[in-house]
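Report on the structure given below.
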Amino acid sequence: MSLKDKVHSLLEEALKEHASLFLIDCKIHPDNSIEIIIDGDQGVKVEDCIAISRAIEHNLDREEEDFSLQVMSAGVSESLKHIRQYKKNVGRKLKVKTENQTVEGELISATENAIKLTWKTREPKPVGKGKVTVTKEADIAYQEIVEAKVMITF
């Protein structure tokens with residue numbers, strides 16, 4: 001069994017034991033450095049990273065294969081990749097890029113197939129001069145999303 005297969009198998013088992021956590025990415029570089037990025041329905045604590053790290057590290061033999069292991073949470077600058085990430089960010093402001101447009105709005109729902117955003121914009125009045133604020137909404141299918149990031153406001 002290759003290092004990659006062992007890591008994926010151990011990772012799968014560890015995530016079963018921690019059901020609120022889910023995998024975002026797992027990379028094994030040619031120098032056997034292992035990088036695992038996780039997220040959680042209620043966020044990720046340091047203890048979660050430690051638990052996943054131990055579940056993998058304690059079941060690999062360094063005598064057999066030398067490796068380094070890094071387990072981290074998905075950062076705020078990372079784009080959303082998993083449906084569970086969208087669901088946990090309902091109510092937050094997102095910047096979503098599709099092939100045709102970029103929309104910044106509040107994520108009001110996330111289903112298995114699409115997200116719904118709402119935002120306010122200024123548009124010319126239908127009659128007369130000036131502008132009026134209107135509320136817009138859009139349903140965007142996951143396959144249309146090129147990139148989606150949570151907007152951090154202070």
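Residues are named by chain letter and number: chains run A, B, ... in the order of the structure tokens, numbers start at 1 in each chain, and ligands are numbered from 1 in the order shown.
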### Message
I'd like to know which residues of region 18-99 of chain A are alpha helix (DSSP H) (by DSSP, run on the backbone); could you write them as a PyMOL selection string?
### Response
chain A and resi 46-57+83-88
### Message
Quick check for you: according to DSSP on this backbone, which residues of region 45-104 of chain A are classed as strand (DSSP E or B)? Reply as a list in words.
### Response
Ser68, Leu69, Gln70, Val71, Met72, Ser73, Lys93, Leu94, Lys95, Val96, Lys97, Thr98, Thr102, Val103 and Glu104 of chain A
Once you count only C-alpha atoms, what closest atom pair and distance in Å to one decimal does each residue of region 64-150 of chain A within 9 Å of region 44-47 of chain A have, with rows by chain and rising residue number, as a tab-separated table?
```
residue	atom	partner	partner_atom	distance
A:Met72	CA	A:Val46	CA	8.4
A:Ser73	CA	A:Val44	CA	6.1
A:Ala74	CA	A:Val44	CA	8.4
```
With N, CA and C atoms retained, export the selected residues as a PDB file, in the first residue's frame.
```
ATOM      1  N   MET A  72      -4.278  21.566   8.817  1.00  0.00           N
ATOM      2  CA  MET A  72      -4.705  22.947   9.074  1.00  0.00           C
ATOM      3  C   MET A  72      -6.158  23.150   8.678  1.00  0.00           C
ATOM      4  N   SER A  73      -6.726  24.236   9.196  1.00  0.00           N
ATOM      5  CA  SER A  73      -8.101  24.570   8.837  1.00  0.00           C
ATOM      6  C   SER A  73      -8.097  25.439   7.588  1.00  0.00           C
ATOM      7  N   ALA A  74      -9.211  25.427   6.888  1.00  0.00           N
ATOM      8  CA  ALA A  74      -9.354  26.258   5.693  1.00  0.00           C
ATOM      9  C   ALA A  74      -9.310  27.721   6.136  1.00  0.00           C
TER      10      ALA A  74
END
```
### Query
Skipping near chain neighbours, those fewer than 5 positions away, what residues fall within 12 Å of region 4-14 of chain A using only C-alpha atoms, listed as a ChimeraX atom specification?
/A:19-30,32-38,48-61,65,67-69,71
### Message
Quick one: residues within 10 Å of Glu123 (chain A), only C-alpha atoms, excluding same-chain residues fewer than 5 positions away - as a ChimeraX atom specification?
### Response
/A:130-134
Write the residues of the selection above to a file with N, CA and C atoms, as a PDB file, in the first residue's frame.
```
ATOM      1  N   GLY A 130     -32.411  60.480 -11.779  1.00  0.00           N
ATOM      2  CA  GLY A 130     -31.945  59.980 -10.487  1.00  0.00           C
ATOM      3  C   GLY A 130     -31.890  58.472 -10.446  1.00  0.00           C
ATOM      4  N   LYS A 131     -31.536  58.001  -9.273  1.00  0.00           N
ATOM      5  CA  LYS A 131     -31.398  56.553  -9.069  1.00  0.00           C
ATOM      6  C   LYS A 131     -32.225  56.108  -7.884  1.00  0.00           C
ATOM      7  N   VAL A 132     -32.502  54.827  -7.874  1.00  0.00           N
ATOM      8  CA  VAL A 132     -33.262  54.233  -6.791  1.00  0.00           C
ATOM      9  C   VAL A 132     -32.529  52.952  -6.352  1.00  0.00           C
ATOM     10  N   THR A 133     -32.615  52.640  -5.045  1.00  0.00           N
ATOM     11  CA  THR A 133     -31.986  51.418  -4.534  1.00  0.00           C
ATOM     12  C   THR A 133     -32.958  50.256  -4.706  1.00  0.00           C
ATOM     13  N   VAL A 134     -32.475  49.194  -5.329  1.00  0.00           N
ATOM     14  CA  VAL A 134     -33.315  48.013  -5.513  1.00  0.00           C
ATOM     15  C   VAL A 134     -32.598  46.801  -4.919  1.00  0.00           C
TER      16      VAL A 134
END
```
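For the pair CA of Met151 (chain A) and CA of Ser77 (chain A), the separation is 8.9 Å.
Look at Thr135 (chain A): the protein and nucleic acid residues within 9 Å of it, using only C-alpha atoms and passing over chain neighbours fewer than 5 places away, are Thr118, Trp119, Lys120, Thr121 and Arg122 of chain A.
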Residue selection dump (C-alpha atoms) as a tab-separated table (two decimals), in the first residue's frame:
```tsv
chain	number	residue	atom	x	y	z
A	118	THR	CA	-29.26	38.86	-2.30
A	119	TRP	CA	-27.79	42.35	-2.61
A	120	LYS	CA	-28.77	46.00	-3.00
A	121	THR	CA	-27.82	48.07	-6.01
A	122	ARG	CA	-28.48	51.55	-7.36
```
### Task
Give me, please, the distance in Å between CA of Lys88 (chain A) and CA of Gly105 (chain A), quoted to one decimal.
15.7 Å
Kindly assemble as a tab-separated table a list of the region 37-132 of chain A residues that lie within 8 Å of region 137-142 of chain A, each paired with its nearest atom pair and their distance in Å to one decimal, using only C-alpha atoms, sorted first by chain and then by ascending residue number.
```
residue	atom	partner	partner_atom	distance
A:Asn113	CA	A:Ala141	CA	5.8
A:Ala114	CA	A:Ala141	CA	4.0
A:Ile115	CA	A:Ile140	CA	5.4
A:Lys116	CA	A:Asp139	CA	4.4
A:Leu117	CA	A:Ala138	CA	5.4
A:Thr118	CA	A:Glu137	CA	4.4
A:Trp119	CA	A:Glu137	CA	6.6
```
Store the residues picked out above, limited to N, CA and C atoms, as a compact mmCIF listing (two decimals), in the first residue's frame.
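Once written, out_23.txt looks like this:
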```txt
# COMPACT_ATOMS: atom_id res chain seq x y z
N ASN A 113 -27.78 21.87 -4.89
CA ASN A 113 -27.46 22.20 -6.28
C ASN A 113 -27.01 23.64 -6.51
N ALA A 114 -27.45 24.56 -5.64
CA ALA A 114 -27.20 25.98 -5.92
C ALA A 114 -27.20 26.81 -4.64
N ILE A 115 -26.74 28.05 -4.80
CA ILE A 115 -26.81 29.03 -3.71
C ILE A 115 -27.73 30.16 -4.13
N LYS A 116 -28.24 30.91 -3.15
CA LYS A 116 -29.06 32.08 -3.43
C LYS A 116 -28.40 33.27 -2.74
N LEU A 117 -28.15 34.32 -3.52
CA LEU A 117 -27.56 35.56 -3.00
C LEU A 117 -28.57 36.68 -3.12
N THR A 118 -28.47 37.64 -2.20
CA THR A 118 -29.26 38.86 -2.30
C THR A 118 -28.34 40.04 -2.06
N TRP A 119 -28.60 41.15 -2.76
CA TRP A 119 -27.79 42.35 -2.61
C TRP A 119 -28.59 43.57 -3.04
```
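Pairwise distance (CA of Val96 (chain A), CA of Gln143 (chain A)) equals 12.1 Å.
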### Task
Write out as a VMD selection string each polymer residue whose atoms come within 9 Å of Val150 (chain A), counting only C-alpha atoms; drop sequence neighbours fewer than 2 positions from it.
chain A and resid 76 to 80 89 92 to 96 148 152
So that I have them on file, write out the residues from the current selection with N, CA and C atoms, as a PDB file, in the first residue's frame.
```pdb
ATOM      1  N   VAL A  76      -9.527  31.984   5.868  1.00  0.00           N
ATOM      2  CA  VAL A  76     -10.553  32.905   5.371  1.00  0.00           C
ATOM      3  C   VAL A  76     -10.249  33.398   3.968  1.00  0.00           C
ATOM      4  N   SER A  77      -8.996  33.337   3.558  1.00  0.00           N
ATOM      5  CA  SER A  77      -8.650  33.800   2.219  1.00  0.00           C
ATOM      6  C   SER A  77      -8.873  32.713   1.163  1.00  0.00           C
ATOM      7  N   GLU A  78      -9.139  31.488   1.609  1.00  0.00           N
ATOM      8  CA  GLU A  78      -9.373  30.383   0.675  1.00  0.00           C
ATOM      9  C   GLU A  78     -10.770  30.488   0.076  1.00  0.00           C
ATOM     10  N   SER A  79     -10.905  30.059  -1.165  1.00  0.00           N
ATOM     11  CA  SER A  79     -12.235  30.057  -1.760  1.00  0.00           C
ATOM     12  C   SER A  79     -13.005  28.834  -1.263  1.00  0.00           C
ATOM     13  N   LEU A  80     -14.327  28.944  -1.283  1.00  0.00           N
ATOM     14  CA  LEU A  80     -15.175  27.856  -0.823  1.00  0.00           C
ATOM     15  C   LEU A  80     -15.163  26.747  -1.880  1.00  0.00           C
ATOM     16  N   ASN A  89     -21.947  29.014   5.932  1.00  0.00           N
ATOM     17  CA  ASN A  89     -21.758  30.459   5.770  1.00  0.00           C
ATOM     18  C   ASN A  89     -23.027  31.205   5.362  1.00  0.00           C
ATOM     19  N   ARG A  92     -23.778  35.191   5.686  1.00  0.00           N
ATOM     20  CA  ARG A  92     -22.557  35.985   5.522  1.00  0.00           C
ATOM     21  C   ARG A  92     -22.482  36.535   4.100  1.00  0.00           C
ATOM     22  N   LYS A  93     -21.652  37.536   3.930  1.00  0.00           N
ATOM     23  CA  LYS A  93     -21.478  38.153   2.621  1.00  0.00           C
ATOM     24  C   LYS A  93     -20.429  37.383   1.821  1.00  0.00           C
ATOM     25  N   LEU A  94     -20.760  37.063   0.573  1.00  0.00           N
ATOM     26  CA  LEU A  94     -19.848  36.347  -0.308  1.00  0.00           C
ATOM     27  C   LEU A  94     -19.543  37.178  -1.548  1.00  0.00           C
ATOM     28  N   LYS A  95     -18.382  36.916  -2.119  1.00  0.00           N
ATOM     29  CA  LYS A  95     -18.036  37.446  -3.438  1.00  0.00           C
ATOM     30  C   LYS A  95     -17.951  36.225  -4.345  1.00  0.00           C
ATOM     31  N   VAL A  96     -18.877  36.159  -5.306  1.00  0.00           N
ATOM     32  CA  VAL A  96     -18.984  34.988  -6.167  1.00  0.00           C
ATOM     33  C   VAL A  96     -18.678  35.378  -7.608  1.00  0.00           C
ATOM     34  N   ALA A 148     -15.658  31.453  -5.086  1.00  0.00           N
ATOM     35  CA  ALA A 148     -16.517  32.082  -4.092  1.00  0.00           C
ATOM     36  C   ALA A 148     -15.727  32.245  -2.806  1.00  0.00           C
ATOM     37  N   ILE A 152     -14.818  39.423   4.446  1.00  0.00           N
ATOM     38  CA  ILE A 152     -14.594  39.755   5.847  1.00  0.00           C
ATOM     39  C   ILE A 152     -14.806  41.260   6.029  1.00  0.00           C
TER      40      ILE A 152
END
```
#### Entry: Selected residue of minimal separation from Gln85 (chain A) among A:Met1, A:Lys136, A:Val146, A:Gly43, counting only C-alpha atoms
A:Gly43
